[in-house]
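*Asks:* Before we start, here is the structure in question, set down as structure tokens.
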Amino acid sequence: MSTETNAGLRRLHNRLTEACDSLWDSFVDPRDAYAGEEGGWWAPIGTAGGGGPVAASPADEAQLATLRNECRSLATANEFAINGLENRVSYIAGPGHSYQVSVRKGVDASKDLAMRAQDVLDEFRHESHWAKRQQEIVRRLDRDGEALLRLFPADRGRTAVRFIEPDQVATPSHKSGKRAASFGIQTEANDVEAVVGYWVDGTLVDAREVQHRKANVDINVKRGLPLYTPVRKNLRRADKLLRNMSVVAEVQSAIALIRKHRSANRSGVEQFVADSADTTTASPGGRSRSVTHYGPGTILDAPAGLEYDFPATGVDAASYVAILQAELRAIAARLVMPEFMFTSNASNANYASTLAAEGPALRMFRRLQATLVEDDCELMWRVLDNASAAGRLPDDIRQRLEIQITPPSLEVRNPLDQARVDRIAYEHGVLSRQTWSQRLGLDFDQEQQNRSMDTYSA
């Protein structure tokens with residue numbers, strides 16, 4: 001083959017190679033858009049959990065149980081997860097909400113009826129330990145993604161309430177594959193929001209006996225999702241990173257110094273150690289161990305060829321702390337909480353400015369409190385309905401009465417300034433004494449009785 005032919009072939013080969021390289025560089029795998037973390041693929045959008053399309057929802061009850069168990073484990077063993085949950089309980093439920101029954105606006109009803117209804121609610125709150133139970137509701141909503149309460153009518157128009165564990169609600173085998181009974185909740189065939197009952201331990205319990213509170217899902221999804229669902233890996237990484245940092249620092253700090261013998265052989269090093277040892281002890285494995293004690297302020301004189309190295313001086317915890325803080329910020333972002341509320345590190349935050357400046361945390365806690373108030377109000381009405389069915393209250397109490405629920409205040413206020421504002425509102429007929437008492441966390445009727453029994457004279 002001629003030289004000219006070879007040169008032409010080389011030029012063609014180079015041009016073909018350049019063209020292929022250009023195509024390869026611009027090639028995009030269309031599946032890359034669906035690639036998830038650690039090489040996985042995103043879950044397809046479907047109708048998991050019942051109702052409308054929800055991305056990455058558990059496809060069945062087994063996946064939901066696995067997810068719930070993961071988050072329960074974090075809520076039990078991960079210190080950061082525990083801190084986040086406890087803070088949310090403190091801000092949303094706090095020491096407990098106040099409940100006041102009053103006559104509905106524009107309705108002609110006696111005050112005695114409101115007092116009788118108030119007695120029913122007070123009795124229920126006392127017997128059910130409602131303040132503790134309300135805190136547990138918030139904890140369960142975050143930990144499990146849902147809280148199920150079952151109401152039991154008792155004698156004399158009383159009501160008992162108990163929790164149903166999420167894993168007790170499951171579709172029985174004879175209903176398997178039927179969409180209306182999926183995830184242990186029986187609904188109307190064409191309306192996922194019209195709940196007929198709950199399959200509890202294989203028995204269908206009427207929906208009127210159960211209050212189901214869900215979190216982190218749409219209203220037409222049957223079961224809720226735990227709060228830490230999207231940040232489970234972040235919490236595990238943060239926990240492992242903190243553990244590894246502590247272990248490395250512990251190992252490095254446990255080794256006081258390393259002697260480097262530049263020119264000695266092994267037997268010479270062993271002899272040097274034995275000669276310089278203060279005492280000899282037996283290790284757990286049965287081998288002898290030479291121990292040398294260095295008192296405070298000890299000065300070491302190294303002979304020629306011997307060097308001393310202190311490994312503890314090389315511990316650089318700051319670089320790992322920055323990575324740990326980045327992970328914790330990501331988790332705090334999921335909670336819509338300032339970092340210090342999640343990590344308990346208040347060095348770079350101010351509580352007052354966070355809750356008094358209309359920040360995201362304040363608005364989020366207000367929204368969650370409003371949801372809790374709405375659910376509590378619906379449950380309290382069921383308690384009054386049970387008393388009405390037993391003849392303890394009239395049948396038309398819903399038309400004649402209303403329940404006012406006041407959550408604990410979130411804003412940081414000057415108590416004296418707030419008292420002046422309340423007094424002005426009261427003097428101008430805008431604020432009632434009952435509402436004023438509620439804002440102070442007091443029971444108005446009880447305080448009036450206490451005043452009548454007060455023998456103190458100025």
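Residue numbers start at 1 in each chain; chains themselves are named A, B, ... in the order of the structure tokens; ligands are numbered from 1 in the order shown.
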What's around range 386-390 of chain A at 8 Å? Count only C-alpha atoms, leave out sequence neighbours fewer than 2 positions away in its own chain, and write the answer as a PDB file with N, CA and C atoms, in the first residue's frame.
*Replies:*
```
ATOM      1  N   VAL A 120     -68.525  18.265  81.691  1.00  0.00           N
ATOM      2  CA  VAL A 120     -68.293  17.027  80.944  1.00  0.00           C
ATOM      3  C   VAL A 120     -66.874  17.013  80.372  1.00  0.00           C
ATOM      4  N   PRO A 153     -67.768   4.981  74.630  1.00  0.00           N
ATOM      5  CA  PRO A 153     -68.797   5.532  75.532  1.00  0.00           C
ATOM      6  C   PRO A 153     -68.878   4.696  76.800  1.00  0.00           C
ATOM      7  N   ARG A 156     -72.933   6.831  82.521  1.00  0.00           N
ATOM      8  CA  ARG A 156     -73.265   8.205  82.910  1.00  0.00           C
ATOM      9  C   ARG A 156     -72.763   9.241  81.890  1.00  0.00           C
ATOM     10  N   GLY A 157     -72.747   8.842  80.595  1.00  0.00           N
ATOM     11  CA  GLY A 157     -72.383   9.793  79.555  1.00  0.00           C
ATOM     12  C   GLY A 157     -70.906  10.122  79.492  1.00  0.00           C
ATOM     13  N   ARG A 158     -70.079   9.325  80.153  1.00  0.00           N
ATOM     14  CA  ARG A 158     -68.649   9.562  80.119  1.00  0.00           C
ATOM     15  C   ARG A 158     -68.038   8.932  78.873  1.00  0.00           C
ATOM     16  N   THR A 159     -66.790   9.316  78.561  1.00  0.00           N
ATOM     17  CA  THR A 159     -66.094   8.804  77.383  1.00  0.00           C
ATOM     18  C   THR A 159     -64.665   8.448  77.758  1.00  0.00           C
ATOM     19  N   ARG A 382     -67.242  15.059  70.052  1.00  0.00           N
ATOM     20  CA  ARG A 382     -67.667  13.661  70.174  1.00  0.00           C
ATOM     21  C   ARG A 382     -67.909  13.304  71.637  1.00  0.00           C
ATOM     22  N   VAL A 383     -67.073  13.855  72.518  1.00  0.00           N
ATOM     23  CA  VAL A 383     -67.270  13.614  73.948  1.00  0.00           C
ATOM     24  C   VAL A 383     -68.607  14.190  74.408  1.00  0.00           C
ATOM     25  N   LEU A 384     -68.918  15.410  73.960  1.00  0.00           N
ATOM     26  CA  LEU A 384     -70.198  16.022  74.324  1.00  0.00           C
ATOM     27  C   LEU A 384     -71.368  15.277  73.689  1.00  0.00           C
ATOM     28  N   ARG A 392     -77.370  13.240  79.396  1.00  0.00           N
ATOM     29  CA  ARG A 392     -76.728  14.155  80.330  1.00  0.00           C
ATOM     30  C   ARG A 392     -76.787  15.597  79.835  1.00  0.00           C
ATOM     31  N   LEU A 393     -76.882  15.769  78.500  1.00  0.00           N
ATOM     32  CA  LEU A 393     -76.989  17.085  77.877  1.00  0.00           C
ATOM     33  C   LEU A 393     -78.086  17.042  76.829  1.00  0.00           C
ATOM     34  N   PRO A 394     -78.645  18.190  76.441  1.00  0.00           N
ATOM     35  CA  PRO A 394     -79.683  18.205  75.403  1.00  0.00           C
ATOM     36  C   PRO A 394     -79.162  17.726  74.057  1.00  0.00           C
ATOM     37  N   ASP A 395     -80.061  17.425  73.144  1.00  0.00           N
ATOM     38  CA  ASP A 395     -79.682  16.920  71.830  1.00  0.00           C
ATOM     39  C   ASP A 395     -79.124  18.000  70.916  1.00  0.00           C
ATOM     40  N   ILE A 397     -77.007  20.540  71.455  1.00  0.00           N
ATOM     41  CA  ILE A 397     -75.902  21.320  72.023  1.00  0.00           C
ATOM     42  C   ILE A 397     -74.999  21.899  70.941  1.00  0.00           C
TER      43      ILE A 397
END
```
*Asks:* As JSON, numbers by chain, please: the residues near His126 in chain A (cut-off 12 Å, only C-alpha atoms, same-chain neighbours under 4 positions excluded).
*Replies:* {"A": [119, 120, 121, 122, 130, 131, 132, 133, 158, 159, 160, 161]}
*Asks:* Tell me, which residues of range 141-275 of chain A carry DSSP alpha helix (DSSP H), written as a PyMOL selection string?
*Replies:* chain A and resi 141-144+232-254+266-275
*Asks:* Within 7 Å of Val103 in chain A, counting only C-alpha atoms, which residues show up once you throw out same-chain ones fewer than 4 positions away? Write them as an MDAnalysis selection string, please.
*Replies:* chainID A and resid 107 109 114 400:402
*Asks:* Write the selection just made, keeping N, CA, C and O atoms, as a short mmCIF file (atom, residue, chain, number, x, y, z; two decimals), in the first residue's frame?
*Replies:*
```cif
data_model
loop_
_atom_site.label_atom_id
_atom_site.label_comp_id
_atom_site.auth_asym_id
_atom_site.auth_seq_id
_atom_site.Cartn_x
_atom_site.Cartn_y
_atom_site.Cartn_z
N VAL A 107 -77.26 33.06 69.97
CA VAL A 107 -78.17 32.00 70.40
C VAL A 107 -78.64 32.28 71.82
O VAL A 107 -77.85 32.69 72.67
N ALA A 109 -79.37 30.88 75.00
CA ALA A 109 -79.16 29.68 75.80
C ALA A 109 -78.68 30.10 77.18
O ALA A 109 -78.07 31.17 77.35
N ALA A 114 -73.93 25.81 79.41
CA ALA A 114 -72.49 25.87 79.10
C ALA A 114 -71.67 25.31 80.25
O ALA A 114 -70.66 24.62 80.03
N ARG A 400 -76.27 25.22 70.06
CA ARG A 400 -76.40 26.20 71.13
C ARG A 400 -75.07 26.57 71.79
O ARG A 400 -74.96 27.64 72.41
N LEU A 401 -74.07 25.71 71.64
CA LEU A 401 -72.80 25.94 72.33
C LEU A 401 -71.64 25.95 71.34
O LEU A 401 -71.77 25.50 70.19
N GLU A 402 -70.51 26.43 71.79
CA GLU A 402 -69.28 26.35 71.02
C GLU A 402 -68.11 26.10 71.98
O GLU A 402 -68.18 26.43 73.16
#
```
*Asks:* Can you measure CA of Gln434 in chain A to CA of Gln418 in chain A for me? One decimal in Å is fine.
*Replies:*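 A separation of 16.3 Å between them.
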*Asks:* When you look at Ser409 in chain A with a cut-off of 10 Å (counting only C-alpha atoms), what residues show up, excluding the ones that are within fewer than 5 positions of it in the same chain? I need them as a VMD selection string.
*Replies:* chain A and resid 91 to 92 94 97 366 439 to 441
*Asks:* Suppose we keep all heavy atoms; can you now write the selection as a CSV table (one decimal), in the first residue's frame?
*Replies:*
```csv
chain,number,residue,atom,x,y,z
A,91,TYR,N,-43.3,23.1,71.7
A,91,TYR,CA,-43.8,24.3,71.1
A,91,TYR,C,-45.3,24.1,70.6
A,91,TYR,O,-46.1,25.1,70.7
A,91,TYR,CB,-42.9,24.7,69.9
A,91,TYR,CG,-41.7,25.3,70.3
A,91,TYR,CD1,-40.5,24.6,70.3
A,91,TYR,CD2,-41.6,26.6,70.8
A,91,TYR,CE1,-39.3,25.2,70.7
A,91,TYR,CE2,-40.5,27.2,71.2
A,91,TYR,CZ,-39.3,26.5,71.2
A,91,TYR,OH,-38.1,27.1,71.5
A,92,ILE,N,-45.6,22.9,70.1
A,92,ILE,CA,-47.0,22.7,69.6
A,92,ILE,C,-48.0,22.5,70.7
A,92,ILE,O,-49.0,23.1,70.7
A,92,ILE,CB,-47.0,21.6,68.5
A,92,ILE,CG1,-46.0,21.9,67.4
A,92,ILE,CG2,-48.4,21.3,68.0
A,92,ILE,CD1,-45.8,20.7,66.5
A,94,GLY,N,-47.0,22.1,74.2
A,94,GLY,CA,-46.6,22.8,75.4
A,94,GLY,C,-47.2,22.1,76.7
A,94,GLY,O,-47.4,20.9,76.7
A,97,HIS,N,-53.4,22.8,76.1
A,97,HIS,CA,-54.3,23.8,75.7
A,97,HIS,C,-55.4,24.0,76.7
A,97,HIS,O,-55.7,23.1,77.4
A,97,HIS,CB,-54.9,23.5,74.3
A,97,HIS,CG,-53.8,23.4,73.2
A,97,HIS,ND1,-54.1,23.3,71.9
A,97,HIS,CD2,-52.5,23.4,73.2
A,97,HIS,CE1,-53.0,23.2,71.2
A,97,HIS,NE2,-52.0,23.2,72.0
A,366,ARG,N,-47.4,27.9,64.5
A,366,ARG,CA,-48.8,28.4,64.5
A,366,ARG,C,-49.7,27.5,63.6
A,366,ARG,O,-50.8,27.2,64.0
A,366,ARG,CB,-48.9,29.8,64.0
A,366,ARG,CG,-48.6,30.9,65.0
A,366,ARG,CD,-48.7,32.3,64.3
A,366,ARG,NE,-48.5,33.4,65.3
A,366,ARG,CZ,-48.4,34.6,64.9
A,366,ARG,NH1,-48.4,34.9,63.6
A,366,ARG,NH2,-48.2,35.6,65.8
A,439,ARG,N,-55.9,33.5,78.4
A,439,ARG,CA,-54.6,34.0,77.9
A,439,ARG,C,-53.6,33.9,79.1
A,439,ARG,O,-52.4,33.7,78.8
A,439,ARG,CB,-54.7,35.4,77.5
A,439,ARG,CG,-55.5,35.6,76.1
A,439,ARG,CD,-55.4,37.0,75.6
A,439,ARG,NE,-56.0,37.2,74.4
A,439,ARG,CZ,-56.1,38.3,73.7
A,439,ARG,NH1,-55.5,39.4,74.2
A,439,ARG,NH2,-56.7,38.4,72.5
A,440,LEU,N,-54.0,34.0,80.3
A,440,LEU,CA,-53.1,33.8,81.4
A,440,LEU,C,-53.0,32.4,81.9
A,440,LEU,O,-52.2,32.1,82.8
A,440,LEU,CB,-53.7,34.7,82.6
A,440,LEU,CG,-53.7,36.2,82.4
A,440,LEU,CD1,-54.4,36.9,83.6
A,440,LEU,CD2,-52.3,36.7,82.2
A,441,GLY,N,-53.7,31.5,81.2
A,441,GLY,CA,-53.6,30.1,81.5
A,441,GLY,C,-54.4,29.7,82.8
A,441,GLY,O,-54.0,28.8,83.5
```
*Asks:* Would you pick out the contacts of Leu335 in chain A at 12 Å or less, using only C-alpha atoms, so that residues sharing its chain but fewer than 3 positions from it are not included, and give the list as a PDB file with N, CA, C and O atoms, in the first residue's frame?
*Replies:*
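Resulting contents of around29.pdb:
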```
ATOM      1  N   PHE A  80     -30.228  13.328  67.924  1.00  0.00           N
ATOM      2  CA  PHE A  80     -30.695  14.498  67.182  1.00  0.00           C
ATOM      3  C   PHE A  80     -32.182  14.377  66.848  1.00  0.00           C
ATOM      4  O   PHE A  80     -32.937  15.349  66.942  1.00  0.00           O
ATOM      5  N   ALA A  81     -32.607  13.189  66.450  1.00  0.00           N
ATOM      6  CA  ALA A  81     -34.015  12.963  66.147  1.00  0.00           C
ATOM      7  C   ALA A  81     -34.876  13.161  67.390  1.00  0.00           C
ATOM      8  O   ALA A  81     -35.957  13.757  67.328  1.00  0.00           O
ATOM      9  N   ASN A  83     -34.214  15.063  69.981  1.00  0.00           N
ATOM     10  CA  ASN A  83     -34.266  16.487  70.309  1.00  0.00           C
ATOM     11  C   ASN A  83     -35.266  17.222  69.424  1.00  0.00           C
ATOM     12  O   ASN A  83     -36.033  18.064  69.900  1.00  0.00           O
ATOM     13  N   GLY A  84     -35.273  16.892  68.129  1.00  0.00           N
ATOM     14  CA  GLY A  84     -36.220  17.534  67.226  1.00  0.00           C
ATOM     15  C   GLY A  84     -37.657  17.233  67.598  1.00  0.00           C
ATOM     16  O   GLY A  84     -38.512  18.126  67.618  1.00  0.00           O
ATOM     17  N   LEU A  85     -37.957  15.975  67.919  1.00  0.00           N
ATOM     18  CA  LEU A  85     -39.315  15.594  68.290  1.00  0.00           C
ATOM     19  C   LEU A  85     -39.751  16.272  69.584  1.00  0.00           C
ATOM     20  O   LEU A  85     -40.870  16.782  69.691  1.00  0.00           O
ATOM     21  N   ASN A  87     -38.683  19.012  70.967  1.00  0.00           N
ATOM     22  CA  ASN A  87     -38.885  20.448  70.799  1.00  0.00           C
ATOM     23  C   ASN A  87     -40.219  20.741  70.124  1.00  0.00           C
ATOM     24  O   ASN A  87     -40.917  21.698  70.476  1.00  0.00           O
ATOM     25  N   ARG A  88     -40.583  19.937  69.138  1.00  0.00           N
ATOM     26  CA  ARG A  88     -41.871  20.149  68.473  1.00  0.00           C
ATOM     27  C   ARG A  88     -43.033  19.915  69.445  1.00  0.00           C
ATOM     28  O   ARG A  88     -44.023  20.643  69.429  1.00  0.00           O
ATOM     29  N   ASP A 142     -45.468  12.841  64.583  1.00  0.00           N
ATOM     30  CA  ASP A 142     -44.129  13.027  64.016  1.00  0.00           C
ATOM     31  C   ASP A 142     -43.399  11.696  63.858  1.00  0.00           C
ATOM     32  O   ASP A 142     -42.748  11.457  62.838  1.00  0.00           O
ATOM     33  N   ASN A 216     -48.135  14.842  57.005  1.00  0.00           N
ATOM     34  CA  ASN A 216     -47.166  14.817  55.904  1.00  0.00           C
ATOM     35  C   ASN A 216     -47.678  14.142  54.636  1.00  0.00           C
ATOM     36  O   ASN A 216     -46.883  13.671  53.814  1.00  0.00           O
ATOM     37  N   PRO A 226     -44.103   9.340  58.450  1.00  0.00           N
ATOM     38  CA  PRO A 226     -43.319   9.903  59.562  1.00  0.00           C
ATOM     39  C   PRO A 226     -42.584  11.171  59.146  1.00  0.00           C
ATOM     40  O   PRO A 226     -42.228  11.359  57.972  1.00  0.00           O
ATOM     41  N   LEU A 227     -42.343  12.018  60.103  1.00  0.00           N
ATOM     42  CA  LEU A 227     -41.701  13.308  59.854  1.00  0.00           C
ATOM     43  C   LEU A 227     -40.311  13.153  59.241  1.00  0.00           C
ATOM     44  O   LEU A 227     -39.926  13.922  58.357  1.00  0.00           O
ATOM     45  N   TYR A 228     -39.558  12.161  59.694  1.00  0.00           N
ATOM     46  CA  TYR A 228     -38.168  12.017  59.258  1.00  0.00           C
ATOM     47  C   TYR A 228     -38.013  11.167  58.000  1.00  0.00           C
ATOM     48  O   TYR A 228     -36.893  10.765  57.674  1.00  0.00           O
ATOM     49  N   THR A 229     -39.095  10.913  57.295  1.00  0.00           N
ATOM     50  CA  THR A 229     -39.017  10.076  56.088  1.00  0.00           C
ATOM     51  C   THR A 229     -37.958  10.554  55.099  1.00  0.00           C
ATOM     52  O   THR A 229     -37.127   9.764  54.654  1.00  0.00           O
ATOM     53  N   PRO A 230     -37.912  11.841  54.713  1.00  0.00           N
ATOM     54  CA  PRO A 230     -36.937  12.255  53.696  1.00  0.00           C
ATOM     55  C   PRO A 230     -35.518  12.448  54.213  1.00  0.00           C
ATOM     56  O   PRO A 230     -34.603  12.628  53.405  1.00  0.00           O
ATOM     57  N   VAL A 231     -35.319  12.429  55.524  1.00  0.00           N
ATOM     58  CA  VAL A 231     -33.974  12.703  56.060  1.00  0.00           C
ATOM     59  C   VAL A 231     -33.471  11.550  56.919  1.00  0.00           C
ATOM     60  O   VAL A 231     -32.618  11.736  57.781  1.00  0.00           O
ATOM     61  N   LEU A 328     -26.745  18.360  59.824  1.00  0.00           N
ATOM     62  CA  LEU A 328     -27.785  18.746  60.774  1.00  0.00           C
ATOM     63  C   LEU A 328     -28.620  19.902  60.249  1.00  0.00           C
ATOM     64  O   LEU A 328     -29.819  19.993  60.526  1.00  0.00           O
ATOM     65  N   ARG A 329     -27.998  20.797  59.478  1.00  0.00           N
ATOM     66  CA  ARG A 329     -28.775  21.889  58.874  1.00  0.00           C
ATOM     67  C   ARG A 329     -29.787  21.350  57.880  1.00  0.00           C
ATOM     68  O   ARG A 329     -30.913  21.863  57.776  1.00  0.00           O
ATOM     69  N   ALA A 330     -29.389  20.334  57.136  1.00  0.00           N
ATOM     70  CA  ALA A 330     -30.320  19.732  56.179  1.00  0.00           C
ATOM     71  C   ALA A 330     -31.525  19.131  56.894  1.00  0.00           C
ATOM     72  O   ALA A 330     -32.668  19.261  56.435  1.00  0.00           O
ATOM     73  N   ILE A 331     -31.289  18.493  58.030  1.00  0.00           N
ATOM     74  CA  ILE A 331     -32.386  17.900  58.796  1.00  0.00           C
ATOM     75  C   ILE A 331     -33.249  18.992  59.410  1.00  0.00           C
ATOM     76  O   ILE A 331     -34.489  18.905  59.399  1.00  0.00           O
ATOM     77  N   ALA A 332     -32.616  20.045  59.946  1.00  0.00           N
ATOM     78  CA  ALA A 332     -33.370  21.156  60.528  1.00  0.00           C
ATOM     79  C   ALA A 332     -34.221  21.841  59.472  1.00  0.00           C
ATOM     80  O   ALA A 332     -35.323  22.325  59.764  1.00  0.00           O
ATOM     81  N   PRO A 338     -35.094  26.566  63.161  1.00  0.00           N
ATOM     82  CA  PRO A 338     -33.716  27.066  63.208  1.00  0.00           C
ATOM     83  C   PRO A 338     -32.778  25.970  63.699  1.00  0.00           C
ATOM     84  O   PRO A 338     -33.173  25.092  64.465  1.00  0.00           O
ATOM     85  N   GLU A 339     -31.543  26.045  63.279  1.00  0.00           N
ATOM     86  CA  GLU A 339     -30.588  24.994  63.620  1.00  0.00           C
ATOM     87  C   GLU A 339     -30.467  24.797  65.126  1.00  0.00           C
ATOM     88  O   GLU A 339     -30.386  23.665  65.608  1.00  0.00           O
ATOM     89  N   PHE A 340     -30.488  25.905  65.891  1.00  0.00           N
ATOM     90  CA  PHE A 340     -30.266  25.758  67.335  1.00  0.00           C
ATOM     91  C   PHE A 340     -31.418  25.023  68.007  1.00  0.00           C
ATOM     92  O   PHE A 340     -31.232  24.372  69.034  1.00  0.00           O
ATOM     93  N   MET A 341     -32.648  25.102  67.439  1.00  0.00           N
ATOM     94  CA  MET A 341     -33.768  24.369  68.018  1.00  0.00           C
ATOM     95  C   MET A 341     -33.622  22.870  67.816  1.00  0.00           C
ATOM     96  O   MET A 341     -34.184  22.079  68.566  1.00  0.00           O
ATOM     97  N   PHE A 342     -32.862  22.479  66.797  1.00  0.00           N
ATOM     98  CA  PHE A 342     -32.688  21.073  66.490  1.00  0.00           C
ATOM     99  C   PHE A 342     -31.427  20.498  67.125  1.00  0.00           C
ATOM    100  O   PHE A 342     -31.410  19.364  67.582  1.00  0.00           O
ATOM    101  N   THR A 343     -30.353  21.298  67.156  1.00  0.00           N
ATOM    102  CA  THR A 343     -29.070  20.802  67.650  1.00  0.00           C
ATOM    103  C   THR A 343     -28.764  21.220  69.077  1.00  0.00           C
ATOM    104  O   THR A 343     -27.790  20.751  69.654  1.00  0.00           O
ATOM    105  N   PRO A 360     -40.039  31.924  59.921  1.00  0.00           N
ATOM    106  CA  PRO A 360     -40.659  30.684  59.434  1.00  0.00           C
ATOM    107  C   PRO A 360     -41.032  29.721  60.555  1.00  0.00           C
ATOM    108  O   PRO A 360     -42.067  29.057  60.473  1.00  0.00           O
ATOM    109  N   ALA A 361     -40.198  29.626  61.583  1.00  0.00           N
ATOM    110  CA  ALA A 361     -40.493  28.696  62.678  1.00  0.00           C
ATOM    111  C   ALA A 361     -41.783  29.077  63.390  1.00  0.00           C
ATOM    112  O   ALA A 361     -42.627  28.221  63.681  1.00  0.00           O
ATOM    113  N   MET A 364     -44.749  28.262  61.189  1.00  0.00           N
ATOM    114  CA  MET A 364     -44.950  26.823  61.101  1.00  0.00           C
ATOM    115  C   MET A 364     -45.586  26.276  62.364  1.00  0.00           C
ATOM    116  O   MET A 364     -46.537  25.485  62.311  1.00  0.00           O
ATOM    117  N   PHE A 365     -45.101  26.712  63.532  1.00  0.00           N
ATOM    118  CA  PHE A 365     -45.695  26.256  64.785  1.00  0.00           C
ATOM    119  C   PHE A 365     -47.145  26.722  64.919  1.00  0.00           C
ATOM    120  O   PHE A 365     -48.000  25.985  65.422  1.00  0.00           O
ATOM    121  N   LEU A 368     -49.253  24.355  62.782  1.00  0.00           N
ATOM    122  CA  LEU A 368     -49.410  23.055  63.413  1.00  0.00           C
ATOM    123  C   LEU A 368     -50.324  23.131  64.635  1.00  0.00           C
ATOM    124  O   LEU A 368     -51.099  22.207  64.899  1.00  0.00           O
TER     125      LEU A 368
END
```
*Asks:* Determine the nearest neighbour of Asn234 in chain A from the options A:Glu188, A:Asp206, A:Asp60, A:Glu327, counting only C-alpha atoms.
*Replies:*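 Of the candidates, the smallest distance to Asn234 in chain A is held by A:Glu327.
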*Asks:* Find the residue from A:Ala77, A:Leu148, A:Val217, A:Ala7 that sits nearest to Pro58 in chain A; use only C-alpha atoms when measuring.
*Replies:*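 Distance minimum relative to Pro58 in chain A lands on A:Val217.
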*Asks:* Quick one: pick out all strand (DSSP E or B) residues within range 117-253 of chain A from a backbone DSSP run and write them as a ChimeraX atom specification.
*Replies:* /A:146-153,159-164,169,185-188,191-200,203-206,210-214
*Asks:* Looking at only C-alpha atoms, which of A:Arg104, A:Lys240, A:Arg72, A:Arg15 is the one that sits closest to Gln404 in chain A?
*Replies:* A:Arg104
*Asks:* Work out how far apart CA of Gln134 in chain A and CA of Ala93 in chain A are and give it in Å to one decimal.
*Replies:* 6.7 Å
*Asks:* Please indicate the distance in Å from CA of Ala170 in chain A to CA of Asn190 in chain A, rounded to one decimal place.
*Replies:*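 According to the coordinates, CA of Ala170 in chain A and CA of Asn190 in chain A are separated by 20.2 Å.
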*Asks:* Residues at most 8 Å from Arg433 in chain A, counting only C-alpha atoms, excluding those fewer than 4 positions away in the same chain, as a VMD selection string?
*Replies:* chain A and resid 426 437 444
*Asks:* Counting only C-alpha atoms, figure out which residue out of A:Phe163, A:Glu427, A:Leu235, A:Asn220 gets nearest to Ile82 in chain A.
*Replies:*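 Checking each of A:Phe163, A:Glu427, A:Leu235, A:Asn220 against Ile82 in chain A, counting only C-alpha atoms, the winner is A:Leu235.
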